[in-house]
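Novice: Just dropping this structure here.
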Amino acid sequence: MQIGFFDSGIGGLTVLHQAMRDMPGEDYLYYADTDHVPYGRKTKQEIRQYVQEAVDFIAAQDVKALVVACNTATSVAIQDLRARYRFPILGMEPAVKPAVSDTSCTRRILVTATPVTIREEKLQNLLHQVDQHHQVDLLPLPRLVEFAEAGCFTDGQAEAYLREMLAPYDLSRYCTVVLGCTHFNYFKDSFNRILPEDIAMIDGSSGTVHNLHRMLAEQHLLETGSGKVTYYTSGRLAEALRPRYQSLLQRLDEMLTY
Ligand code: DGL
């Protein structure tokens, strides 16, 4: 059986990419809700409804587990999903825990995400639990999702936006930037050019895939598939998009050094 990955768009491919590297023998289903992307500026009710429709469809395709490879969808819908489906569901949250528990980081931490993720209770609760030294600042970067969806990776627009959004910050006061939206991973090269060298960037992909692997192993669900990926967009088989998705996976391969 396959492992499902779900996102509003292409962001979740960055997590799928990590899973394909760590678990090349599994088969995967990737579902992008392209009819409704971006989620990050919609209401909670809208996102909940879109996510439920998408996961109803995914549940009918025989998946043994689902990764909600979207911090925004996780922040508003993860509890509903776990109550509604019987297969294991892993969500994503901005990697604040590893950032604050890194004892070598004595300066501030900047968490970037969509506006929904930033204002939702889930992140606020997490900060309440782990940000004991009030080290964390929050920055919504909604336009990065739009640039990613439009394929604007190298034309300078996204980088100019990022520079503008980071300009008010004295970056010498920070030691870590958390990429709390899966779409932001496509811009690691831009972040890297803007951020001072001693700032670390962390995202949730490897932690999520690590948890996925552990959960599958514990439940004896690891198996040897062929590494096949089937792509869907908003309830439709998306064979025609395979070349585009494969070229995005390729871009992620090329960015591995960041
Ligand atoms: N990729 C998603 C996330 O991780 C959200 C993008 C969107 O706004 O749709 O938050």
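Labels for the structure tokens follow display order: chains A, B, ..., residues from 1 in each chain, ligands from 1.
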Among the residues of stretch 94-177 of chain A, find those DSSP assigns to alpha helix (DSSP H) from the backbone and print them as a PDB file with N, CA, C and O atoms, in the first residue's frame.
Specialist:
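states-v2.pdb, freshly written:
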ATOM      1  N   VAL A  96       9.864  24.632  15.744  1.00  0.00           N
ATOM      2  CA  VAL A  96      10.233  25.520  16.853  1.00  0.00           C
ATOM      3  C   VAL A  96      10.950  24.734  17.955  1.00  0.00           C
ATOM      4  O   VAL A  96      11.919  25.213  18.544  1.00  0.00           O
ATOM      5  N   LYS A  97      10.472  23.497  18.184  1.00  0.00           N
ATOM      6  CA  LYS A  97      11.075  22.692  19.270  1.00  0.00           C
ATOM      7  C   LYS A  97      12.567  22.484  19.053  1.00  0.00           C
ATOM      8  O   LYS A  97      13.356  22.798  19.942  1.00  0.00           O
ATOM      9  N   PRO A  98      12.962  21.935  17.877  1.00  0.00           N
ATOM     10  CA  PRO A  98      14.415  21.769  17.699  1.00  0.00           C
ATOM     11  C   PRO A  98      15.155  23.093  17.743  1.00  0.00           C
ATOM     12  O   PRO A  98      16.287  23.151  18.240  1.00  0.00           O
ATOM     13  N   ALA A  99      14.532  24.180  17.291  1.00  0.00           N
ATOM     14  CA  ALA A  99      15.227  25.475  17.296  1.00  0.00           C
ATOM     15  C   ALA A  99      15.490  25.942  18.729  1.00  0.00           C
ATOM     16  O   ALA A  99      16.609  26.332  19.065  1.00  0.00           O
ATOM     17  N   VAL A 100      14.467  25.858  19.589  1.00  0.00           N
ATOM     18  CA  VAL A 100      14.695  26.359  20.962  1.00  0.00           C
ATOM     19  C   VAL A 100      15.533  25.399  21.796  1.00  0.00           C
ATOM     20  O   VAL A 100      16.181  25.817  22.757  1.00  0.00           O
ATOM     21  N   SER A 101      15.526  24.110  21.437  1.00  0.00           N
ATOM     22  CA  SER A 101      16.303  23.186  22.272  1.00  0.00           C
ATOM     23  C   SER A 101      17.766  23.100  21.837  1.00  0.00           C
ATOM     24  O   SER A 101      18.558  22.411  22.466  1.00  0.00           O
ATOM     25  N   PRO A 115       0.168  33.296   7.087  1.00  0.00           N
ATOM     26  CA  PRO A 115      -0.572  34.061   8.106  1.00  0.00           C
ATOM     27  C   PRO A 115      -1.472  33.165   8.954  1.00  0.00           C
ATOM     28  O   PRO A 115      -1.592  33.374  10.173  1.00  0.00           O
ATOM     29  N   VAL A 116      -2.096  32.155   8.354  1.00  0.00           N
ATOM     30  CA  VAL A 116      -2.974  31.270   9.138  1.00  0.00           C
ATOM     31  C   VAL A 116      -2.161  30.515  10.186  1.00  0.00           C
ATOM     32  O   VAL A 116      -2.522  30.491  11.366  1.00  0.00           O
ATOM     33  N   THR A 117      -1.065  29.910   9.790  1.00  0.00           N
ATOM     34  CA  THR A 117      -0.244  29.154  10.748  1.00  0.00           C
ATOM     35  C   THR A 117       0.187  30.064  11.896  1.00  0.00           C
ATOM     36  O   THR A 117       0.160  29.680  13.065  1.00  0.00           O
ATOM     37  N   ILE A 118       0.564  31.290  11.552  1.00  0.00           N
ATOM     38  CA  ILE A 118       1.076  32.201  12.586  1.00  0.00           C
ATOM     39  C   ILE A 118      -0.002  32.629  13.564  1.00  0.00           C
ATOM     40  O   ILE A 118       0.235  32.706  14.762  1.00  0.00           O
ATOM     41  N   ARG A 119      -1.219  32.825  13.070  1.00  0.00           N
ATOM     42  CA  ARG A 119      -2.211  33.331  14.038  1.00  0.00           C
ATOM     43  C   ARG A 119      -2.978  32.210  14.747  1.00  0.00           C
ATOM     44  O   ARG A 119      -3.643  32.448  15.737  1.00  0.00           O
ATOM     45  N   GLU A 121      -4.123  28.984  16.993  1.00  0.00           N
ATOM     46  CA  GLU A 121      -3.886  28.550  18.362  1.00  0.00           C
ATOM     47  C   GLU A 121      -2.772  27.514  18.494  1.00  0.00           C
ATOM     48  O   GLU A 121      -2.036  27.490  19.464  1.00  0.00           O
ATOM     49  N   LYS A 122      -2.671  26.628  17.461  1.00  0.00           N
ATOM     50  CA  LYS A 122      -1.723  25.522  17.566  1.00  0.00           C
ATOM     51  C   LYS A 122      -0.298  26.047  17.769  1.00  0.00           C
ATOM     52  O   LYS A 122       0.428  25.575  18.647  1.00  0.00           O
ATOM     53  N   LEU A 123       0.092  27.033  16.956  1.00  0.00           N
ATOM     54  CA  LEU A 123       1.445  27.580  17.101  1.00  0.00           C
ATOM     55  C   LEU A 123       1.557  28.384  18.393  1.00  0.00           C
ATOM     56  O   LEU A 123       2.574  28.319  19.097  1.00  0.00           O
ATOM     57  N   GLN A 124       0.497  29.113  18.722  1.00  0.00           N
ATOM     58  CA  GLN A 124       0.531  29.903  19.959  1.00  0.00           C
ATOM     59  C   GLN A 124       0.720  28.978  21.169  1.00  0.00           C
ATOM     60  O   GLN A 124       1.505  29.265  22.065  1.00  0.00           O
ATOM     61  N   ASN A 125       0.011  27.839  21.158  1.00  0.00           N
ATOM     62  CA  ASN A 125       0.161  26.869  22.264  1.00  0.00           C
ATOM     63  C   ASN A 125       1.572  26.296  22.316  1.00  0.00           C
ATOM     64  O   ASN A 125       2.145  26.126  23.397  1.00  0.00           O
ATOM     65  N   LEU A 126       2.090  25.993  21.128  1.00  0.00           N
ATOM     66  CA  LEU A 126       3.447  25.443  21.063  1.00  0.00           C
ATOM     67  C   LEU A 126       4.449  26.446  21.654  1.00  0.00           C
ATOM     68  O   LEU A 126       5.328  26.084  22.449  1.00  0.00           O
ATOM     69  N   LEU A 127       4.299  27.713  21.285  1.00  0.00           N
ATOM     70  CA  LEU A 127       5.214  28.738  21.805  1.00  0.00           C
ATOM     71  C   LEU A 127       5.077  28.859  23.322  1.00  0.00           C
ATOM     72  O   LEU A 127       6.065  28.977  24.039  1.00  0.00           O
ATOM     73  N   HIS A 128       3.853  28.799  23.771  1.00  0.00           N
ATOM     74  CA  HIS A 128       3.595  28.892  25.196  1.00  0.00           C
ATOM     75  C   HIS A 128       4.340  27.775  25.954  1.00  0.00           C
ATOM     76  O   HIS A 128       4.909  27.993  27.019  1.00  0.00           O
ATOM     77  N   GLN A 129       4.336  26.587  25.318  1.00  0.00           N
ATOM     78  CA  GLN A 129       5.004  25.429  25.933  1.00  0.00           C
ATOM     79  C   GLN A 129       6.523  25.512  25.891  1.00  0.00           C
ATOM     80  O   GLN A 129       7.200  25.188  26.861  1.00  0.00           O
ATOM     81  N   VAL A 130       7.062  25.896  24.714  1.00  0.00           N
ATOM     82  CA  VAL A 130       8.511  25.714  24.550  1.00  0.00           C
ATOM     83  C   VAL A 130       9.341  26.997  24.501  1.00  0.00           C
ATOM     84  O   VAL A 130      10.552  26.949  24.708  1.00  0.00           O
ATOM     85  N   PRO A 142       3.325  35.297   3.097  1.00  0.00           N
ATOM     86  CA  PRO A 142       2.359  34.662   2.205  1.00  0.00           C
ATOM     87  C   PRO A 142       2.750  34.662   0.730  1.00  0.00           C
ATOM     88  O   PRO A 142       2.442  33.734  -0.005  1.00  0.00           O
ATOM     89  N   ARG A 143       3.493  35.697   0.313  1.00  0.00           N
ATOM     90  CA  ARG A 143       3.762  35.778  -1.134  1.00  0.00           C
ATOM     91  C   ARG A 143       4.744  34.717  -1.607  1.00  0.00           C
ATOM     92  O   ARG A 143       4.771  34.385  -2.793  1.00  0.00           O
ATOM     93  N   LEU A 144       5.514  34.144  -0.687  1.00  0.00           N
ATOM     94  CA  LEU A 144       6.437  33.075  -1.123  1.00  0.00           C
ATOM     95  C   LEU A 144       5.662  31.890  -1.679  1.00  0.00           C
ATOM     96  O   LEU A 144       6.116  31.213  -2.602  1.00  0.00           O
ATOM     97  N   VAL A 145       4.470  31.637  -1.128  1.00  0.00           N
ATOM     98  CA  VAL A 145       3.637  30.531  -1.632  1.00  0.00           C
ATOM     99  C   VAL A 145       3.209  30.853  -3.066  1.00  0.00           C
ATOM    100  O   VAL A 145       3.286  30.004  -3.964  1.00  0.00           O
ATOM    101  N   GLU A 146       2.814  32.098  -3.289  1.00  0.00           N
ATOM    102  CA  GLU A 146       2.379  32.494  -4.636  1.00  0.00           C
ATOM    103  C   GLU A 146       3.538  32.400  -5.637  1.00  0.00           C
ATOM    104  O   GLU A 146       3.359  31.903  -6.748  1.00  0.00           O
ATOM    105  N   PHE A 147       4.722  32.869  -5.230  1.00  0.00           N
ATOM    106  CA  PHE A 147       5.873  32.776  -6.132  1.00  0.00           C
ATOM    107  C   PHE A 147       6.189  31.315  -6.451  1.00  0.00           C
ATOM    108  O   PHE A 147       6.477  30.971  -7.591  1.00  0.00           O
ATOM    109  N   ALA A 148       6.105  30.454  -5.441  1.00  0.00           N
ATOM    110  CA  ALA A 148       6.409  29.033  -5.676  1.00  0.00           C
ATOM    111  C   ALA A 148       5.394  28.446  -6.654  1.00  0.00           C
ATOM    112  O   ALA A 148       5.762  27.768  -7.625  1.00  0.00           O
ATOM    113  N   GLU A 149       4.121  28.712  -6.435  1.00  0.00           N
ATOM    114  CA  GLU A 149       3.088  28.151  -7.307  1.00  0.00           C
ATOM    115  C   GLU A 149       3.236  28.656  -8.749  1.00  0.00           C
ATOM    116  O   GLU A 149       2.921  27.950  -9.690  1.00  0.00           O
ATOM    117  N   GLN A 157      12.182  37.905  -8.247  1.00  0.00           N
ATOM    118  CA  GLN A 157      11.010  38.506  -7.572  1.00  0.00           C
ATOM    119  C   GLN A 157      10.882  38.037  -6.129  1.00  0.00           C
ATOM    120  O   GLN A 157      10.654  38.825  -5.215  1.00  0.00           O
ATOM    121  N   ALA A 158      10.998  36.731  -5.933  1.00  0.00           N
ATOM    122  CA  ALA A 158      10.829  36.173  -4.589  1.00  0.00           C
ATOM    123  C   ALA A 158      11.952  36.672  -3.683  1.00  0.00           C
ATOM    124  O   ALA A 158      11.727  37.026  -2.531  1.00  0.00           O
ATOM    125  N   GLU A 159      13.161  36.726  -4.253  1.00  0.00           N
ATOM    126  CA  GLU A 159      14.300  37.161  -3.439  1.00  0.00           C
ATOM    127  C   GLU A 159      14.143  38.633  -3.034  1.00  0.00           C
ATOM    128  O   GLU A 159      14.440  39.012  -1.897  1.00  0.00           O
ATOM    129  N   ALA A 160      13.635  39.447  -3.959  1.00  0.00           N
ATOM    130  CA  ALA A 160      13.426  40.870  -3.644  1.00  0.00           C
ATOM    131  C   ALA A 160      12.367  40.996  -2.542  1.00  0.00           C
ATOM    132  O   ALA A 160      12.512  41.806  -1.612  1.00  0.00           O
ATOM    133  N   TYR A 161      11.326  40.186  -2.637  1.00  0.00           N
ATOM    134  CA  TYR A 161      10.266  40.197  -1.604  1.00  0.00           C
ATOM    135  C   TYR A 161      10.846  39.799  -0.239  1.00  0.00           C
ATOM    136  O   TYR A 161      10.601  40.455   0.774  1.00  0.00           O
ATOM    137  N   LEU A 162      11.645  38.745  -0.268  1.00  0.00           N
ATOM    138  CA  LEU A 162      12.257  38.276   0.983  1.00  0.00           C
ATOM    139  C   LEU A 162      13.153  39.341   1.612  1.00  0.00           C
ATOM    140  O   LEU A 162      13.101  39.578   2.814  1.00  0.00           O
ATOM    141  N   ARG A 163      13.961  39.987   0.768  1.00  0.00           N
ATOM    142  CA  ARG A 163      14.847  41.063   1.273  1.00  0.00           C
ATOM    143  C   ARG A 163      14.027  42.162   1.924  1.00  0.00           C
ATOM    144  O   ARG A 163      14.359  42.658   3.003  1.00  0.00           O
ATOM    145  N   GLU A 164      12.914  42.505   1.254  1.00  0.00           N
ATOM    146  CA  GLU A 164      12.064  43.582   1.771  1.00  0.00           C
ATOM    147  C   GLU A 164      11.435  43.169   3.121  1.00  0.00           C
ATOM    148  O   GLU A 164      11.395  43.953   4.058  1.00  0.00           O
ATOM    149  N   MET A 165      10.985  41.914   3.203  1.00  0.00           N
ATOM    150  CA  MET A 165      10.329  41.454   4.429  1.00  0.00           C
ATOM    151  C   MET A 165      11.319  41.315   5.591  1.00  0.00           C
ATOM    152  O   MET A 165      10.957  41.453   6.753  1.00  0.00           O
ATOM    153  N   LEU A 166      12.581  41.003   5.253  1.00  0.00           N
ATOM    154  CA  LEU A 166      13.582  40.815   6.316  1.00  0.00           C
ATOM    155  C   LEU A 166      14.298  42.117   6.683  1.00  0.00           C
ATOM    156  O   LEU A 166      14.967  42.197   7.717  1.00  0.00           O
TER     157      LEU A 166
END
Novice: Given a cut-off of 10 Å, what residues near ligand 1 show up using only C-alpha atoms and all ligand atoms, put as a ChimeraX atom specification?
Specialist: /A:6-15,32-34,36-42,47,68-75,91-94,112-118,141-146,148-149,179-185,204
Novice: Produce a table with one row for each residue of stretch 74-160 of chain A that has an atom at most 12 Å from any atom of stretch 243-258 of chain A, each row naming the nearest atom pair and its distance in Å at one decimal; use only C-alpha atoms; arrange rows by chain and rising residue number; format as JSON lines.
Specialist:
{"residue": "A:Ala148", "atom": "CA", "partner": "A:Leu248", "partner_atom": "CA", "distance": 10.2}
{"residue": "A:Glu149", "atom": "CA", "partner": "A:Leu248", "partner_atom": "CA", "distance": 10.9}
{"residue": "A:Ala150", "atom": "CA", "partner": "A:Arg244", "partner_atom": "CA", "distance": 11.9}
{"residue": "A:Gly151", "atom": "CA", "partner": "A:Leu248", "partner_atom": "CA", "distance": 9.2}
{"residue": "A:Cys152", "atom": "CA", "partner": "A:Leu248", "partner_atom": "CA", "distance": 11.9}
{"residue": "A:Phe153", "atom": "CA", "partner": "A:Arg251", "partner_atom": "CA", "distance": 9.8}
{"residue": "A:Thr154", "atom": "CA", "partner": "A:Arg251", "partner_atom": "CA", "distance": 11.1}
Novice: Show me, as CSV, the residues of stretch 159-244 of chain A having an atom within 10 Å of stretch 24-31 of chain A, each with the closest atom pair and its distance in Å, using only C-alpha atoms.
Specialist:
residue,atom,partner,partner_atom,distance
A:Leu222,CA,A:Glu26,CA,7.6
A:Glu223,CA,A:Glu26,CA,6.4
A:Thr224,CA,A:Gly25,CA,4.9
A:Gly225,CA,A:Glu26,CA,4.6
A:Ser226,CA,A:Gly25,CA,5.4
A:Gly227,CA,A:Asp27,CA,4.7
A:Lys228,CA,A:Asp27,CA,4.8
A:Val229,CA,A:Tyr28,CA,4.6
A:Thr230,CA,A:Leu29,CA,4.8
A:Tyr231,CA,A:Tyr30,CA,4.8
A:Tyr232,CA,A:Tyr31,CA,4.7
A:Thr233,CA,A:Tyr31,CA,5.6
A:Ser234,CA,A:Tyr31,CA,7.1
A:Gly235,CA,A:Tyr31,CA,8.1
A:Arg236,CA,A:Tyr31,CA,9.1
A:Leu237,CA,A:Tyr31,CA,9.1
A:Ala238,CA,A:Tyr31,CA,9.1
Novice: Would you export the selected residues with all heavy atoms as a compact mmCIF listing (two decimals), in the first residue's frame, please?
Specialist:
# COMPACT_ATOMS: atom_id res chain seq x y z
N LEU A 222 6.19 -1.03 7.13
CA LEU A 222 7.22 -0.75 6.11
C LEU A 222 7.17 -1.86 5.08
O LEU A 222 6.95 -3.01 5.42
CB LEU A 222 8.62 -0.74 6.75
CG LEU A 222 8.99 0.49 7.58
CD1 LEU A 222 10.28 0.24 8.34
CD2 LEU A 222 9.13 1.73 6.69
N GLU A 223 7.34 -1.51 3.82
CA GLU A 223 7.33 -2.58 2.82
C GLU A 223 8.20 -2.21 1.62
O GLU A 223 8.69 -1.09 1.52
CB GLU A 223 5.92 -2.90 2.36
CG GLU A 223 5.19 -1.74 1.74
CD GLU A 223 3.70 -2.02 1.67
OE1 GLU A 223 3.30 -2.93 0.94
OE2 GLU A 223 2.94 -1.31 2.34
N THR A 224 8.36 -3.16 0.74
CA THR A 224 9.21 -2.90 -0.41
C THR A 224 8.33 -2.70 -1.63
O THR A 224 7.84 -3.63 -2.23
CB THR A 224 10.15 -4.10 -0.66
OG1 THR A 224 10.42 -4.70 0.60
CG2 THR A 224 11.42 -3.66 -1.31
N GLY A 225 8.13 -1.44 -1.94
CA GLY A 225 7.41 -1.10 -3.17
C GLY A 225 8.43 -0.76 -4.23
O GLY A 225 9.60 -1.12 -4.10
N SER A 226 8.01 -0.03 -5.23
CA SER A 226 8.94 0.25 -6.32
C SER A 226 9.36 1.72 -6.36
O SER A 226 10.03 2.14 -7.28
CB SER A 226 8.27 -0.14 -7.64
OG SER A 226 7.08 0.61 -7.77
N GLY A 227 8.93 2.50 -5.36
CA GLY A 227 9.28 3.93 -5.37
C GLY A 227 8.39 4.73 -6.31
O GLY A 227 8.70 5.87 -6.65
N LYS A 228 7.28 4.13 -6.69
CA LYS A 228 6.37 4.80 -7.65
C LYS A 228 5.62 5.95 -6.97
O LYS A 228 5.25 5.86 -5.81
CB LYS A 228 5.37 3.73 -8.12
CG LYS A 228 4.39 4.18 -9.16
CD LYS A 228 3.48 3.03 -9.57
CE LYS A 228 2.17 3.20 -8.86
NZ LYS A 228 1.22 2.17 -8.87
N VAL A 229 5.36 7.04 -7.72
CA VAL A 229 4.54 8.14 -7.19
C VAL A 229 3.35 8.35 -8.13
O VAL A 229 3.53 8.44 -9.35
CB VAL A 229 5.31 9.48 -7.10
CG1 VAL A 229 4.46 10.53 -6.36
CG2 VAL A 229 6.65 9.32 -6.42
N THR A 230 2.14 8.42 -7.57
CA THR A 230 0.96 8.76 -8.37
C THR A 230 0.52 10.15 -7.93
O THR A 230 0.38 10.40 -6.73
CB THR A 230 -0.18 7.75 -8.12
OG1 THR A 230 0.36 6.43 -8.26
CG2 THR A 230 -1.31 7.93 -9.11
N TYR A 231 0.33 11.05 -8.91
CA TYR A 231 0.00 12.44 -8.58
C TYR A 231 -1.47 12.73 -8.83
O TYR A 231 -2.03 12.32 -9.87
CB TYR A 231 0.82 13.40 -9.45
CG TYR A 231 2.32 13.31 -9.19
CD1 TYR A 231 3.15 12.58 -10.05
CD2 TYR A 231 2.88 13.95 -8.10
CE1 TYR A 231 4.51 12.49 -9.82
CE2 TYR A 231 4.25 13.86 -7.86
CZ TYR A 231 5.05 13.14 -8.72
OH TYR A 231 6.41 13.05 -8.48
N TYR A 232 -2.07 13.44 -7.90
CA TYR A 232 -3.45 13.90 -8.05
C TYR A 232 -3.51 15.39 -7.76
O TYR A 232 -2.77 15.89 -6.90
CB TYR A 232 -4.39 13.20 -7.05
CG TYR A 232 -4.55 11.72 -7.29
CD1 TYR A 232 -3.71 10.81 -6.67
CD2 TYR A 232 -5.56 11.24 -8.13
CE1 TYR A 232 -3.86 9.44 -6.89
CE2 TYR A 232 -5.71 9.88 -8.36
CZ TYR A 232 -4.85 8.99 -7.73
OH TYR A 232 -5.00 7.65 -7.95
N THR A 233 -4.43 16.08 -8.47
CA THR A 233 -4.70 17.48 -8.13
C THR A 233 -6.19 17.62 -7.92
O THR A 233 -6.99 17.31 -8.82
CB THR A 233 -4.26 18.44 -9.26
OG1 THR A 233 -4.76 17.95 -10.49
CG2 THR A 233 -2.76 18.55 -9.35
N SER A 234 -6.61 18.07 -6.74
CA SER A 234 -8.01 18.32 -6.41
C SER A 234 -8.96 17.24 -6.96
O SER A 234 -9.92 17.56 -7.68
CB SER A 234 -8.44 19.71 -6.90
OG SER A 234 -7.62 20.71 -6.32
N GLY A 235 -8.69 16.01 -6.63
CA GLY A 235 -9.59 14.91 -6.99
C GLY A 235 -9.45 14.37 -8.40
O GLY A 235 -10.28 13.59 -8.85
N ARG A 236 -8.40 14.81 -9.12
CA ARG A 236 -8.20 14.31 -10.48
C ARG A 236 -6.80 13.72 -10.60
O ARG A 236 -5.84 14.29 -10.06
CB ARG A 236 -8.32 15.46 -11.50
CG ARG A 236 -9.66 16.17 -11.47
CD ARG A 236 -9.63 17.39 -12.39
NE ARG A 236 -8.68 18.42 -11.96
CZ ARG A 236 -9.00 19.41 -11.11
NH1 ARG A 236 -10.20 19.51 -10.62
NH2 ARG A 236 -8.08 20.31 -10.79
N LEU A 237 -6.73 12.61 -11.34
CA LEU A 237 -5.41 12.04 -11.62
C LEU A 237 -4.64 13.08 -12.43
O LEU A 237 -5.21 13.69 -13.34
CB LEU A 237 -5.60 10.75 -12.43
CG LEU A 237 -4.36 9.89 -12.63
CD1 LEU A 237 -3.84 9.37 -11.28
CD2 LEU A 237 -4.71 8.71 -13.54
N ALA A 238 -3.37 13.30 -12.09
CA ALA A 238 -2.65 14.43 -12.73
C ALA A 238 -1.43 13.93 -13.50
O ALA A 238 -0.34 14.47 -13.34
CB ALA A 238 -2.27 15.44 -11.67
Novice: When you look at A:Leu221 with a cut-off of 10 Å (counting only C-alpha atoms), what residues show up, excluding the ones that are within fewer than 4 positions of it in the same chain? I need them as a ChimeraX atom specification.
Specialist: /A:1,64-65,213-217
Novice: Nearest to A:Asp170: which of A:Leu81, A:Glu120, A:Arg108, A:Glu46 is it, counting only C-alpha atoms?
Specialist: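 Of A:Leu81, A:Glu120, A:Arg108, A:Glu46, the one nearest A:Asp170 is A:Arg108, counting only C-alpha atoms.
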Novice: Just the strand (DSSP E) stuff from stretch 163-247 of chain A, please, per backbone DSSP, written as a list of chain:residue names.
Specialist: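 For stretch 163-247 of chain A, the strand (DSSP E) set is A:Tyr174, A:Cys175, A:Thr176, A:Val177, A:Val178, A:Leu179, A:Ala200, A:Met201, A:Ile202, A:Asp203, A:Val229, A:Thr230, A:Tyr231, A:Tyr232, A:Thr233, A:Arg236, A:Leu237.
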Novice: In Å to one decimal, how far is atom CA of A:Ile89 from atom CA of A:Leu66?
Specialist: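 About the pair atom CA of A:Leu66 and atom CA of A:Ile89: they are 4.8 Å apart.
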